[in-house]
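What's in model12.cif: mmCIF, C-alpha atoms
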data_target
#
loop_
_atom_site.group_PDB
_atom_site.id
_atom_site.type_symbol
_atom_site.label_atom_id
_atom_site.label_comp_id
_atom_site.auth_asym_id
_atom_site.auth_seq_id
_atom_site.Cartn_x
_atom_site.Cartn_y
_atom_site.Cartn_z
ATOM 1 C CA MET L 1 -71.872 -82.238 -107.615
ATOM 2 C CA THR L 2 -75.333 -83.338 -106.467
ATOM 3 C CA ARG L 3 -75.667 -86.993 -105.461
ATOM 4 C CA LYS L 4 -79.056 -88.360 -106.459
ATOM 5 C CA ILE L 5 -80.671 -91.745 -105.790
ATOM 6 C CA GLY L 6 -84.074 -92.965 -106.939
ATOM 7 C CA ILE L 7 -86.057 -95.752 -105.276
ATOM 8 C CA ILE L 8 -88.950 -97.359 -107.158
ATOM 9 C CA GLY L 9 -91.296 -99.361 -104.942
ATOM 10 C CA MET L 10 -91.915 -98.156 -101.396
ATOM 11 C CA GLY L 11 -92.885 -101.360 -99.652
ATOM 12 C CA ASN L 12 -91.036 -102.641 -96.599
ATOM 13 C CA VAL L 13 -87.748 -102.948 -98.510
ATOM 14 C CA GLY L 14 -87.943 -99.658 -100.383
ATOM 15 C CA ALA L 15 -88.838 -97.789 -97.194
ATOM 16 C CA ALA L 16 -85.940 -99.386 -95.285
ATOM 17 C CA ALA L 17 -83.554 -98.457 -98.111
ATOM 18 C CA ALA L 18 -84.844 -94.887 -98.162
ATOM 19 C CA HIS L 19 -84.365 -94.519 -94.416
ATOM 20 C CA TYR L 20 -80.810 -95.880 -94.636
ATOM 21 C CA VAL L 21 -79.959 -93.425 -97.425
ATOM 22 C CA VAL L 22 -81.359 -90.471 -95.464
ATOM 23 C CA ALA L 23 -79.951 -91.503 -92.068
ATOM 24 C CA MET L 24 -76.441 -91.992 -93.488
ATOM 25 C CA GLY L 25 -76.487 -88.915 -95.724
ATOM 26 C CA PHE L 26 -75.693 -90.937 -98.857
ATOM 27 C CA ALA L 27 -77.629 -88.641 -101.207
ATOM 28 C CA ASP L 28 -78.427 -84.956 -101.567
ATOM 29 C CA ASP L 29 -81.597 -85.729 -103.557
ATOM 30 C CA LEU L 30 -83.822 -88.778 -103.111
ATOM 31 C CA VAL L 31 -86.640 -89.592 -105.540
ATOM 32 C CA LEU L 32 -89.316 -91.991 -104.247
ATOM 33 C CA ILE L 33 -91.780 -93.626 -106.647
ATOM 34 C CA ASP L 34 -94.727 -95.899 -105.933
ATOM 35 C CA THR L 35 -98.114 -96.548 -107.533
ATOM 36 C CA ARG L 36 -99.718 -95.940 -104.109
ATOM 37 C CA THR L 37 -99.680 -92.149 -103.911
ATOM 38 C CA GLU L 38 -100.763 -91.910 -100.281
ATOM 39 C CA LYS L 39 -98.099 -94.387 -99.178
ATOM 40 C CA VAL L 40 -95.200 -92.699 -100.944
ATOM 41 C CA GLU L 41 -96.286 -89.236 -99.778
ATOM 42 C CA ALA L 42 -96.551 -90.514 -96.207
ATOM 43 C CA ASP L 43 -93.076 -92.045 -96.400
ATOM 44 C CA ALA L 44 -91.659 -88.799 -97.777
ATOM 45 C CA LEU L 45 -93.236 -86.764 -94.961
ATOM 46 C CA ASP L 46 -92.025 -89.262 -92.348
ATOM 47 C CA LEU L 47 -88.482 -89.030 -93.703
ATOM 48 C CA ARG L 48 -88.593 -85.226 -93.765
ATOM 49 C CA ASP L 49 -89.620 -85.305 -90.106
ATOM 50 C CA ALA L 50 -86.626 -87.552 -89.382
ATOM 51 C CA ILE L 51 -84.186 -85.110 -90.999
ATOM 52 C CA ALA L 52 -84.657 -82.597 -88.165
ATOM 53 C CA ASN L 53 -82.875 -85.060 -85.879
ATOM 54 C CA LEU L 54 -80.171 -86.124 -88.340
ATOM 55 C CA PRO L 55 -76.785 -84.558 -89.143
ATOM 56 C CA TYR L 56 -77.534 -84.657 -92.895
ATOM 57 C CA HIS L 57 -80.035 -82.948 -95.174
ATOM 58 C CA THR L 58 -81.747 -84.759 -98.055
ATOM 59 C CA ASN L 59 -84.154 -83.220 -100.578
ATOM 60 C CA ILE L 60 -87.000 -85.671 -101.158
ATOM 61 C CA PHE L 61 -89.195 -85.845 -104.276
ATOM 62 C CA THR L 62 -92.088 -88.185 -105.051
ATOM 63 C CA ASN L 63 -93.649 -89.855 -108.095
ATOM 64 C CA ASP L 64 -91.838 -87.885 -110.762
ATOM 65 C CA TYR L 65 -89.932 -90.052 -113.239
ATOM 66 C CA SER L 66 -88.484 -86.941 -114.874
ATOM 67 C CA LYS L 67 -86.499 -86.350 -111.675
ATOM 68 C CA LEU L 68 -84.623 -89.584 -112.417
ATOM 69 C CA SER L 69 -83.027 -88.211 -115.580
ATOM 70 C CA ASP L 70 -79.858 -87.167 -113.758
ATOM 71 C CA ALA L 71 -79.904 -89.711 -110.933
ATOM 72 C CA ASP L 72 -76.669 -91.539 -110.204
ATOM 73 C CA VAL L 73 -78.400 -94.766 -109.178
ATOM 74 C CA ILE L 74 -81.944 -96.115 -109.230
ATOM 75 C CA ILE L 75 -82.839 -98.882 -106.778
ATOM 76 C CA SER L 76 -85.718 -101.111 -107.900
ATOM 77 C CA ALA L 77 -87.706 -102.465 -104.956
ATOM 78 C CA ILE L 78 -90.919 -103.244 -106.857
ATOM 79 C CA GLY L 79 -92.649 -106.333 -105.537
ATOM 80 C CA ASN L 80 -95.698 -108.034 -104.069
ATOM 81 C CA ILE L 81 -94.453 -109.745 -100.936
ATOM 82 C CA LYS L 82 -97.776 -111.465 -100.275
ATOM 83 C CA LEU L 83 -97.045 -113.770 -103.216
ATOM 84 C CA GLN L 84 -94.020 -115.093 -101.328
ATOM 85 C CA ASP L 85 -96.302 -116.579 -98.673
ATOM 86 C CA ASN L 86 -96.409 -120.003 -100.312
ATOM 87 C CA PRO L 87 -95.507 -123.550 -99.194
ATOM 88 C CA THR L 88 -92.506 -123.807 -101.547
ATOM 89 C CA ASP L 89 -90.685 -120.654 -100.336
ATOM 90 C CA ASP L 90 -90.009 -119.887 -103.982
ATOM 91 C CA ARG L 91 -88.901 -116.357 -104.921
ATOM 92 C CA PHE L 92 -90.244 -116.997 -108.422
ATOM 93 C CA ALA L 93 -93.743 -116.748 -106.959
ATOM 94 C CA GLU L 94 -93.488 -113.002 -107.551
ATOM 95 C CA LEU L 95 -92.526 -113.327 -111.214
ATOM 96 C CA PRO L 96 -96.085 -113.187 -112.663
ATOM 97 C CA PHE L 97 -96.436 -109.795 -110.946
ATOM 98 C CA THR L 98 -92.960 -108.335 -111.385
ATOM 99 C CA ARG L 99 -92.471 -109.343 -115.025
ATOM 100 C CA VAL L 100 -95.480 -107.123 -115.829
ATOM 101 C CA GLN L 101 -94.742 -104.201 -113.517
ATOM 102 C CA VAL L 102 -90.996 -103.971 -114.107
ATOM 103 C CA PRO L 103 -91.083 -103.455 -117.905
ATOM 104 C CA ARG L 104 -93.552 -100.611 -117.351
ATOM 105 C CA ALA L 105 -91.249 -98.948 -114.850
ATOM 106 C CA ALA L 106 -88.205 -99.628 -117.028
ATOM 107 C CA LYS L 107 -89.914 -97.985 -119.991
ATOM 108 C CA GLN L 108 -90.538 -94.819 -117.945
ATOM 109 C CA ILE L 109 -86.948 -94.855 -116.723
ATOM 110 C CA LYS L 110 -85.780 -94.996 -120.334
ATOM 111 C CA GLU L 111 -88.156 -92.208 -121.385
ATOM 112 C CA SER L 112 -86.830 -89.986 -118.579
ATOM 113 C CA GLY L 113 -83.404 -89.983 -120.243
ATOM 114 C CA PHE L 114 -81.770 -91.755 -117.295
ATOM 115 C CA ASN L 115 -78.207 -92.793 -118.029
ATOM 116 C CA GLY L 116 -76.956 -93.911 -114.617
ATOM 117 C CA LYS L 117 -76.793 -97.289 -112.919
ATOM 118 C CA ILE L 118 -79.675 -99.515 -111.816
ATOM 119 C CA VAL L 119 -79.484 -101.646 -108.673
ATOM 120 C CA VAL L 120 -82.146 -104.344 -108.604
ATOM 121 C CA ILE L 121 -83.676 -105.881 -105.476
ATOM 122 C CA THR L 122 -86.949 -106.966 -107.122
ATOM 123 C CA ASN L 123 -87.477 -110.749 -107.130
ATOM 124 C CA PRO L 124 -86.658 -113.018 -108.820
ATOM 125 C CA VAL L 125 -83.664 -110.713 -108.958
ATOM 126 C CA ASP L 126 -81.565 -112.364 -111.684
ATOM 127 C CA VAL L 127 -84.450 -112.517 -114.155
ATOM 128 C CA ILE L 128 -85.655 -109.024 -113.266
ATOM 129 C CA THR L 129 -82.160 -107.579 -113.682
ATOM 130 C CA SER L 130 -82.153 -109.068 -117.187
ATOM 131 C CA ILE L 131 -85.520 -107.446 -117.913
ATOM 132 C CA TYR L 132 -84.363 -104.005 -116.750
ATOM 133 C CA GLN L 133 -81.289 -104.212 -118.940
ATOM 134 C CA GLU L 134 -83.211 -105.278 -122.032
ATOM 135 C CA VAL L 135 -86.010 -102.722 -121.729
ATOM 136 C CA THR L 136 -83.828 -99.732 -120.784
ATOM 137 C CA GLY L 137 -81.080 -100.628 -123.249
ATOM 138 C CA LEU L 138 -78.436 -99.618 -120.711
ATOM 139 C CA PRO L 139 -75.056 -101.368 -120.898
ATOM 140 C CA LYS L 140 -75.095 -104.735 -119.132
ATOM 141 C CA ASN L 141 -72.457 -103.627 -116.639
ATOM 142 C CA HIS L 142 -74.650 -100.680 -115.619
ATOM 143 C CA VAL L 143 -77.576 -102.856 -114.498
ATOM 144 C CA ILE L 144 -76.725 -104.917 -111.424
ATOM 145 C CA GLY L 145 -78.744 -107.111 -109.079
ATOM 146 C CA THR L 146 -78.053 -107.439 -105.368
ATOM 147 C CA GLY L 147 -78.013 -111.179 -106.055
ATOM 148 C CA THR L 148 -76.197 -113.232 -103.430
ATOM 149 C CA LEU L 149 -74.652 -110.218 -101.707
ATOM 150 C CA LEU L 150 -77.229 -110.866 -98.980
ATOM 151 C CA ASP L 151 -76.968 -114.670 -99.156
ATOM 152 C CA SER L 152 -73.201 -114.406 -98.744
ATOM 153 C CA ALA L 153 -73.778 -112.202 -95.697
ATOM 154 C CA ARG L 154 -76.121 -114.829 -94.275
ATOM 155 C CA MET L 155 -73.485 -117.498 -94.807
ATOM 156 C CA ARG L 156 -70.836 -115.343 -93.136
ATOM 157 C CA ARG L 157 -73.163 -114.715 -90.198
ATOM 158 C CA SER L 158 -73.889 -118.443 -89.840
ATOM 159 C CA VAL L 159 -70.180 -119.354 -89.888
ATOM 160 C CA ALA L 160 -69.287 -116.512 -87.519
ATOM 161 C CA GLU L 161 -71.909 -117.564 -84.990
ATOM 162 C CA GLN L 162 -70.466 -121.073 -84.912
ATOM 163 C CA LEU L 163 -66.974 -119.671 -84.257
ATOM 164 C CA ASN L 164 -68.043 -116.788 -82.000
ATOM 165 C CA ILE L 165 -66.415 -114.121 -84.188
ATOM 166 C CA ASP L 166 -67.540 -111.050 -86.164
ATOM 167 C CA SER L 167 -69.237 -111.986 -89.441
ATOM 168 C CA ARG L 168 -67.004 -109.443 -91.217
ATOM 169 C CA SER L 169 -64.060 -111.707 -90.338
ATOM 170 C CA VAL L 170 -65.429 -114.405 -92.653
ATOM 171 C CA VAL L 171 -64.491 -114.122 -96.350
ATOM 172 C CA GLY L 172 -66.264 -116.044 -99.105
ATOM 173 C CA TYR L 173 -69.251 -116.288 -101.391
ATOM 174 C CA ASN L 174 -72.594 -117.787 -102.168
ATOM 175 C CA LEU L 175 -73.010 -117.994 -105.943
ATOM 176 C CA GLY L 176 -75.606 -118.479 -108.658
ATOM 177 C CA GLU L 177 -79.270 -117.634 -108.389
ATOM 178 C CA HIS L 178 -80.622 -115.557 -105.543
ATOM 179 C CA GLY L 179 -83.056 -118.345 -104.854
ATOM 180 C CA ASN L 180 -83.337 -122.044 -104.218
ATOM 181 C CA SER L 181 -80.487 -123.074 -106.538
ATOM 182 C CA GLN L 182 -77.879 -120.804 -104.918
ATOM 183 C CA PHE L 183 -75.023 -122.480 -103.047
ATOM 184 C CA THR L 184 -72.101 -121.691 -100.811
ATOM 185 C CA ALA L 185 -68.842 -122.031 -102.717
ATOM 186 C CA TRP L 186 -66.856 -123.385 -99.793
ATOM 187 C CA SER L 187 -63.671 -123.338 -101.874
ATOM 188 C CA THR L 188 -63.812 -119.515 -101.642
ATOM 189 C CA VAL L 189 -64.424 -119.277 -97.892
ATOM 190 C CA ARG L 190 -61.606 -118.419 -95.489
ATOM 191 C CA VAL L 191 -61.751 -117.756 -91.759
ATOM 192 C CA LEU L 192 -59.190 -117.404 -88.977
ATOM 193 C CA GLY L 193 -56.459 -117.285 -91.603
ATOM 194 C CA HIS L 194 -57.290 -120.677 -93.120
ATOM 195 C CA PRO L 195 -59.669 -122.253 -95.646
ATOM 196 C CA ILE L 196 -63.003 -123.048 -93.984
ATOM 197 C CA THR L 197 -62.561 -126.723 -94.883
ATOM 198 C CA GLU L 198 -59.541 -126.926 -92.566
ATOM 199 C CA ILE L 199 -61.310 -125.124 -89.728
ATOM 200 C CA ALA L 200 -64.411 -127.272 -90.166
ATOM 201 C CA GLU L 201 -62.378 -130.452 -89.830
ATOM 202 C CA LYS L 202 -60.575 -129.229 -86.726
ATOM 203 C CA ARG L 203 -63.664 -127.851 -84.991
ATOM 204 C CA GLY L 204 -66.304 -130.246 -86.190
ATOM 205 C CA LEU L 205 -68.331 -127.792 -88.245
ATOM 206 C CA ASP L 206 -71.035 -129.217 -90.521
ATOM 207 C CA LEU L 207 -70.643 -127.271 -93.781
ATOM 208 C CA ASN L 208 -73.802 -128.772 -95.263
ATOM 209 C CA GLU L 209 -75.780 -127.481 -92.299
ATOM 210 C CA LEU L 210 -74.186 -124.042 -92.557
ATOM 211 C CA ASP L 211 -75.024 -123.929 -96.267
ATOM 212 C CA HIS L 212 -78.612 -124.833 -95.380
ATOM 213 C CA LEU L 213 -78.776 -122.070 -92.759
ATOM 214 C CA ALA L 214 -77.571 -119.513 -95.304
ATOM 215 C CA ARG L 215 -80.051 -120.748 -97.900
ATOM 216 C CA ILE L 216 -83.090 -120.605 -95.588
ATOM 217 C CA GLY L 217 -82.090 -117.422 -93.764
ATOM 218 C CA GLY L 218 -84.510 -115.290 -95.756
ATOM 219 C CA HIS L 219 -87.322 -117.790 -95.334
ATOM 220 C CA THR L 220 -86.786 -117.824 -91.562
ATOM 221 C CA VAL L 221 -87.098 -114.040 -91.417
ATOM 222 C CA PHE L 222 -90.092 -114.082 -93.755
ATOM 223 C CA HIS L 223 -92.017 -116.645 -91.742
ATOM 224 C CA GLY L 224 -91.391 -114.638 -88.591
ATOM 225 C CA LYS L 225 -92.735 -111.310 -89.844
ATOM 226 C CA LYS L 226 -94.108 -111.991 -93.359
ATOM 227 C CA TYR L 227 -91.475 -109.901 -95.107
ATOM 228 C CA THR L 228 -87.735 -109.273 -95.145
ATOM 229 C CA ASN L 229 -86.296 -105.797 -95.370
ATOM 230 C CA TYR L 230 -83.226 -104.769 -93.369
ATOM 231 C CA GLY L 231 -80.729 -107.222 -94.827
ATOM 232 C CA VAL L 232 -81.630 -106.754 -98.475
ATOM 233 C CA ALA L 233 -82.154 -102.989 -98.174
ATOM 234 C CA THR L 234 -78.700 -102.641 -96.624
ATOM 235 C CA SER L 235 -77.212 -104.747 -99.435
ATOM 236 C CA ALA L 236 -78.841 -102.548 -102.076
ATOM 237 C CA VAL L 237 -77.767 -99.267 -100.502
ATOM 238 C CA ARG L 238 -74.228 -100.595 -100.005
ATOM 239 C CA LEU L 239 -74.114 -101.499 -103.693
ATOM 240 C CA ALA L 240 -75.502 -98.100 -104.702
ATOM 241 C CA TYR L 241 -72.972 -96.264 -102.540
ATOM 242 C CA THR L 242 -70.148 -98.467 -103.830
ATOM 243 C CA ILE L 243 -71.039 -97.247 -107.311
ATOM 244 C CA MET L 244 -71.423 -93.583 -106.331
ATOM 245 C CA SER L 245 -68.177 -93.463 -104.367
ATOM 246 C CA ASP L 246 -66.207 -95.366 -107.032
ATOM 247 C CA ALA L 247 -65.060 -97.736 -104.309
ATOM 248 C CA GLN L 248 -63.740 -100.503 -106.611
ATOM 249 C CA THR L 249 -65.047 -103.136 -104.186
ATOM 250 C CA GLU L 250 -65.212 -106.873 -104.833
ATOM 251 C CA LEU L 251 -68.826 -107.956 -104.329
ATOM 252 C CA PRO L 252 -70.881 -111.069 -105.177
ATOM 253 C CA VAL L 253 -73.632 -109.404 -107.216
ATOM 254 C CA SER L 254 -75.856 -110.421 -110.086
ATOM 255 C CA ASN L 255 -73.931 -109.428 -113.210
ATOM 256 C CA TYR L 256 -74.089 -110.626 -116.799
ATOM 257 C CA ARG L 257 -71.655 -113.469 -117.445
ATOM 258 C CA GLU L 258 -71.085 -114.173 -121.127
ATOM 259 C CA GLU L 259 -69.966 -117.750 -120.521
ATOM 260 C CA TYR L 260 -73.344 -118.555 -118.941
ATOM 261 C CA GLY L 261 -75.423 -116.257 -121.139
ATOM 262 C CA THR L 262 -77.312 -114.776 -118.212
ATOM 263 C CA TYR L 263 -77.221 -112.629 -115.126
ATOM 264 C CA LEU L 264 -76.207 -114.564 -112.033
ATOM 265 C CA SER L 265 -74.240 -113.874 -108.880
ATOM 266 C CA TYR L 266 -70.482 -114.019 -109.194
ATOM 267 C CA PRO L 267 -67.864 -111.716 -107.635
ATOM 268 C CA ALA L 268 -67.029 -108.560 -109.559
ATOM 269 C CA ILE L 269 -65.208 -105.292 -108.955
ATOM 270 C CA VAL L 270 -67.839 -102.544 -108.656
ATOM 271 C CA GLY L 271 -67.194 -98.826 -109.041
ATOM 272 C CA ARG L 272 -68.527 -95.703 -110.729
ATOM 273 C CA ASP L 273 -68.848 -97.503 -114.077
ATOM 274 C CA GLY L 274 -70.858 -100.328 -112.525
ATOM 275 C CA VAL L 275 -69.301 -103.744 -112.950
ATOM 276 C CA GLN L 276 -65.758 -102.762 -113.919
ATOM 277 C CA GLU L 277 -64.049 -106.118 -113.769
ATOM 278 C CA GLN L 278 -65.379 -109.666 -113.632
ATOM 279 C CA LEU L 279 -63.421 -112.132 -111.548
ATOM 280 C CA GLN L 280 -62.682 -115.762 -112.350
ATOM 281 C CA LEU L 281 -62.783 -118.070 -109.341
ATOM 282 C CA ASP L 282 -60.991 -121.401 -109.109
ATOM 283 C CA LEU L 283 -64.124 -123.414 -108.337
ATOM 284 C CA THR L 284 -64.356 -127.158 -107.829
ATOM 285 C CA GLU L 285 -66.058 -129.383 -110.418
ATOM 286 C CA GLU L 286 -69.045 -129.798 -108.111
ATOM 287 C CA GLU L 287 -69.360 -126.032 -107.672
ATOM 288 C CA LEU L 288 -69.142 -125.468 -111.426
ATOM 289 C CA LYS L 289 -71.983 -127.942 -111.966
ATOM 290 C CA LYS L 290 -74.112 -126.164 -109.365
ATOM 291 C CA LEU L 291 -73.409 -122.817 -111.030
ATOM 292 C CA GLN L 292 -74.445 -124.185 -114.428
ATOM 293 C CA THR L 293 -77.667 -125.526 -112.889
ATOM 294 C CA SER L 294 -78.440 -122.059 -111.514
ATOM 295 C CA ALA L 295 -77.694 -120.429 -114.870
ATOM 296 C CA ASP L 296 -79.946 -122.838 -116.765
ATOM 297 C CA PHE L 297 -82.805 -122.253 -114.328
ATOM 298 C CA ILE L 298 -82.530 -118.451 -114.579
ATOM 299 C CA LYS L 299 -82.456 -118.568 -118.400
ATOM 300 C CA THR L 300 -85.547 -120.773 -118.481
ATOM 301 C CA LYS L 301 -87.513 -118.368 -116.292
ATOM 302 C CA PHE L 302 -86.354 -115.359 -118.315
ATOM 303 C CA ALA L 303 -87.584 -117.035 -121.506
ATOM 304 C CA GLU L 304 -90.993 -117.558 -119.872
ATOM 305 C CA SER L 305 -91.218 -113.789 -119.350
ATOM 306 C CA ARG L 306 -90.578 -112.913 -122.996
ATOM 307 C CA ASP L 307 -94.187 -112.019 -123.911
ATOM 308 C CA ASP L 308 -94.570 -109.613 -120.983
ATOM 309 C CA ILE L 309 -91.247 -107.972 -121.780
ATOM 310 C CA ASP L 310 -92.054 -107.489 -125.462
ATOM 311 C CA SER L 311 -95.576 -106.167 -124.831
ATOM 312 C CA ASN L 312 -94.348 -103.502 -122.407
ATOM 313 C CA LYS L 313 -91.267 -102.207 -124.233
#

Rewritten as structure tokens:
Amino acid sequence: MTRKIGIIGMGNVGAAAAHYVVAMGFADDLVLIDTRTEKVEADALDLRDAIANLPYHTNIFTNDYSKLSDADVIISAIGNIKLQDNPTDDRFAELPFTRVQVPRAAKQIKESGFNGKIVVITNPVDVITSIYQEVTGLPKNHVIGTGTLLDSARMRRSVAEQLNIDSRSVVGYNLGEHGNSQFTAWSTVRVLGHPITEIAEKRGLDLNELDHLARIGGHTVFHGKKYTNYGVATSAVRLAYTIMSDAQTELPVSNYREEYGTYLSYPAIVGRDGVQEQLQLDLTEEELKKLQTSADFIKTKFAESRDDIDSNK
């Protein structure tokens, strides 16, 4: 059975995701789409040149939405990163651009007959995931945003650096919006066999500072090189491969939660059918309030995009 992945948007993130897919042999066929024909053709040629020195072969196609009809997963990396270069470090700065471009792409995805899963990187990711689901008409559990999968990784890295351990030895989640209202749910975090709150007290860790480091991690990278790519591209490809391999993995991704009436990041079991089971965490009252704040903010921004969504369906 042929494994096929599509990537729409070949900027820094899309290109990093494509290279990861090809280098790791995650797909037999890879479809790359971008409005800049010369750029996407150049990326395709560059990747074909790389294959000669890789142990895997990948067939690469460009700018053909019809090739997406039988894709297993489409990764959306549409964006305009220059809009992120603003004093507020607000991911919603891209919304005026993406809420116009995404419905157009989603409409072409729908017209192709695609019936797989969509993994969304495009910012603001929770709102954009909602737009993809509405325009394509795919089941809500088949359209998933990377959400705080990356933010949780940044938190784990920050904690691990303080304790001089591997970040994969830290368990726990950042929740809510992939943006300024996200937060570390410290009640979910465990390390060295104990809740982080116990370790923090014994070792003098400042959890507020660690939460801050996780929250600004993307901004730190952005201000250093004017884009981010490796962390989020890796998150997206991991999510795509989790789906394709039916891994049944617990991940903090942007998925539709009925009780909040929106997409937001919350742990779920992900497999071949997308989000296959939604978890219910035992959060503190403070964490529940923060999650509701995130949900309300995402819903407000989605409502502001209604005209662009309706005009491009």

Would you give the centre and edge lengths, in Å to one decimal, of a box along x, y and z around the listed atoms of region 146-160 of chain L, with 6 Å added to each side, as AutoDock Vina command-line options?
--center_x -73.7 --center_y -113.4 --center_z -96.8 --size_x 20.8 --size_y 23.9 --size_z 30.5

Check what the PyMOL selection byres ((chain L and resi 308) around 12) selects in the file above and give those residues as a PyMOL selection string. chain L and resi 95-104+128+131+135+302-307+309-313

Result set of the PyMOL selection byres ((chain L and resi 59) around 6) on the coordinates above, as a ChimeraX atom specification: /L:29,58,60

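Here CA of Met244 (chain L) stands at a distance of 28.5 Å from CA of Ile298 (chain L).
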
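Using all atoms listed in the file for every distance, the candidate list L:Leu291, L:Leu32, L:Ala106, L:Ile196 yields L:Leu32 as the residue closest to Gly11 (chain L).
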
Could you list the residues chosen by the PyMOL selection byres ((chain L and resi 236) around 12) in this structure as a count of residues only? 45

Around (-94.0, -121.9, -99.2) in the file's frame, which residues reach within 12 Å when counting all atoms listed in the file? Return as a PDB file with C-alpha atoms, in the frame of the given file?
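Contents of out21.pdb, freshly written:
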ATOM      1  CA  LYS L  82     -97.776-111.465-100.275  1.00  0.00           C
ATOM      2  CA  LEU L  83     -97.045-113.770-103.216  1.00  0.00           C
ATOM      3  CA  GLN L  84     -94.020-115.093-101.328  1.00  0.00           C
ATOM      4  CA  ASP L  85     -96.302-116.579 -98.673  1.00  0.00           C
ATOM      5  CA  ASN L  86     -96.409-120.003-100.312  1.00  0.00           C
ATOM      6  CA  PRO L  87     -95.507-123.550 -99.194  1.00  0.00           C
ATOM      7  CA  THR L  88     -92.506-123.807-101.547  1.00  0.00           C
ATOM      8  CA  ASP L  89     -90.685-120.654-100.336  1.00  0.00           C
ATOM      9  CA  ASP L  90     -90.009-119.887-103.982  1.00  0.00           C
ATOM     10  CA  ARG L  91     -88.901-116.357-104.921  1.00  0.00           C
ATOM     11  CA  PHE L  92     -90.244-116.997-108.422  1.00  0.00           C
ATOM     12  CA  ALA L  93     -93.743-116.748-106.959  1.00  0.00           C
ATOM     13  CA  ASN L 180     -83.337-122.044-104.218  1.00  0.00           C
ATOM     14  CA  ILE L 216     -83.090-120.605 -95.588  1.00  0.00           C
ATOM     15  CA  HIS L 219     -87.322-117.790 -95.334  1.00  0.00           C
ATOM     16  CA  THR L 220     -86.786-117.824 -91.562  1.00  0.00           C
ATOM     17  CA  PHE L 222     -90.092-114.082 -93.755  1.00  0.00           C
ATOM     18  CA  HIS L 223     -92.017-116.645 -91.742  1.00  0.00           C
ATOM     19  CA  LYS L 226     -94.108-111.991 -93.359  1.00  0.00           C
TER      20      LYS L 226
END

Contacts of region 277-281 of chain L within 10 Å, all atoms listed in the file, excl. fewer than 5 positions in-chain, as a PyMOL selection string: chain L and resi 141+185+187-188+248+250-252+255-257+266-271+288

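Closest approach to Thr284 (chain L) among L:Asp151, L:Arg157, L:Trp186, L:Gly179: L:Trp186, based on all atoms listed in the file.
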
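With CA of Ala214 (chain L) on one side and CA of Val22 (chain L) on the other, the separation reads 29.3 Å.
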
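When only C-alpha atoms are used to measure the gap to Ala50 (chain L), the shortest distance among L:Ala23, L:Gly274, L:Met1, L:Arg190 belongs to L:Ala23.
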
Could you pull the residues within 9 Å of Ile109 (chain L), counting all atoms listed in the file, minus those fewer than 5 positions along the same chain, as a PyMOL selection string? chain L and resi 65-66+68-69+104+114+136

Same residues, C-alpha atoms, saved as a compact mmCIF listing (two decimals), keeping the file's coordinate frame:
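Just written: selection_36.txt:
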# COMPACT_ATOMS: atom_id res chain seq x y z
CA TYR L 65 -89.93 -90.05 -113.24
CA SER L 66 -88.48 -86.94 -114.87
CA LEU L 68 -84.62 -89.58 -112.42
CA SER L 69 -83.03 -88.21 -115.58
CA ARG L 104 -93.55 -100.61 -117.35
CA PHE L 114 -81.77 -91.76 -117.30
CA THR L 136 -83.83 -99.73 -120.78

Contact residues around Asp211 (chain L) with all atoms listed in the file at 8 Å, ignoring same-chain residues under 6 positions, as a list in words: Met155, Phe183 and Thr184 of chain L

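From CA of Arg3 (chain L) back to CA of Phe26 (chain L), the distance works out to 7.7 Å.
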
Where atoms are absent from region 89-95 of chain L, fill them in so it carries N, CA, C and O atoms, then output it as an mmCIF file, keeping the file's coordinate frame.
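So rebuild_19.cif came out as:
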data_model
loop_
_atom_site.group_PDB
_atom_site.id
_atom_site.type_symbol
_atom_site.label_atom_id
_atom_site.label_comp_id
_atom_site.auth_asym_id
_atom_site.auth_seq_id
_atom_site.Cartn_x
_atom_site.Cartn_y
_atom_site.Cartn_z
ATOM 1 N N ASP L 89 -91.694 -121.671 -100.614
ATOM 2 C CA ASP L 89 -90.685 -120.654 -100.336
ATOM 3 C C ASP L 89 -89.901 -120.307 -101.598
ATOM 4 O O ASP L 89 -88.667 -120.208 -101.591
ATOM 5 N N ASP L 90 -90.630 -120.104 -102.681
ATOM 6 C CA ASP L 90 -90.009 -119.887 -103.982
ATOM 7 C C ASP L 90 -90.083 -118.414 -104.357
ATOM 8 O O ASP L 90 -91.165 -117.838 -104.472
ATOM 9 N N ARG L 91 -88.917 -117.778 -104.558
ATOM 10 C CA ARG L 91 -88.901 -116.357 -104.921
ATOM 11 C C ARG L 91 -89.527 -116.116 -106.295
ATOM 12 O O ARG L 91 -89.908 -114.997 -106.615
ATOM 13 N N PHE L 92 -89.630 -117.156 -107.105
ATOM 14 C CA PHE L 92 -90.244 -116.997 -108.422
ATOM 15 C C PHE L 92 -91.758 -116.843 -108.335
ATOM 16 O O PHE L 92 -92.408 -116.589 -109.343
ATOM 17 N N ALA L 93 -92.306 -116.966 -107.138
ATOM 18 C CA ALA L 93 -93.743 -116.748 -106.959
ATOM 19 C C ALA L 93 -94.132 -115.322 -107.311
ATOM 20 O O ALA L 93 -95.279 -115.054 -107.675
ATOM 21 N N GLU L 94 -93.193 -114.398 -107.221
ATOM 22 C CA GLU L 94 -93.488 -113.002 -107.551
ATOM 23 C C GLU L 94 -93.363 -112.700 -109.037
ATOM 24 O O GLU L 94 -93.751 -111.619 -109.483
ATOM 25 N N LEU L 95 -92.806 -113.616 -109.809
ATOM 26 C CA LEU L 95 -92.526 -113.327 -111.214
ATOM 27 C C LEU L 95 -93.760 -112.951 -112.028
ATOM 28 O O LEU L 95 -93.682 -112.016 -112.843
#
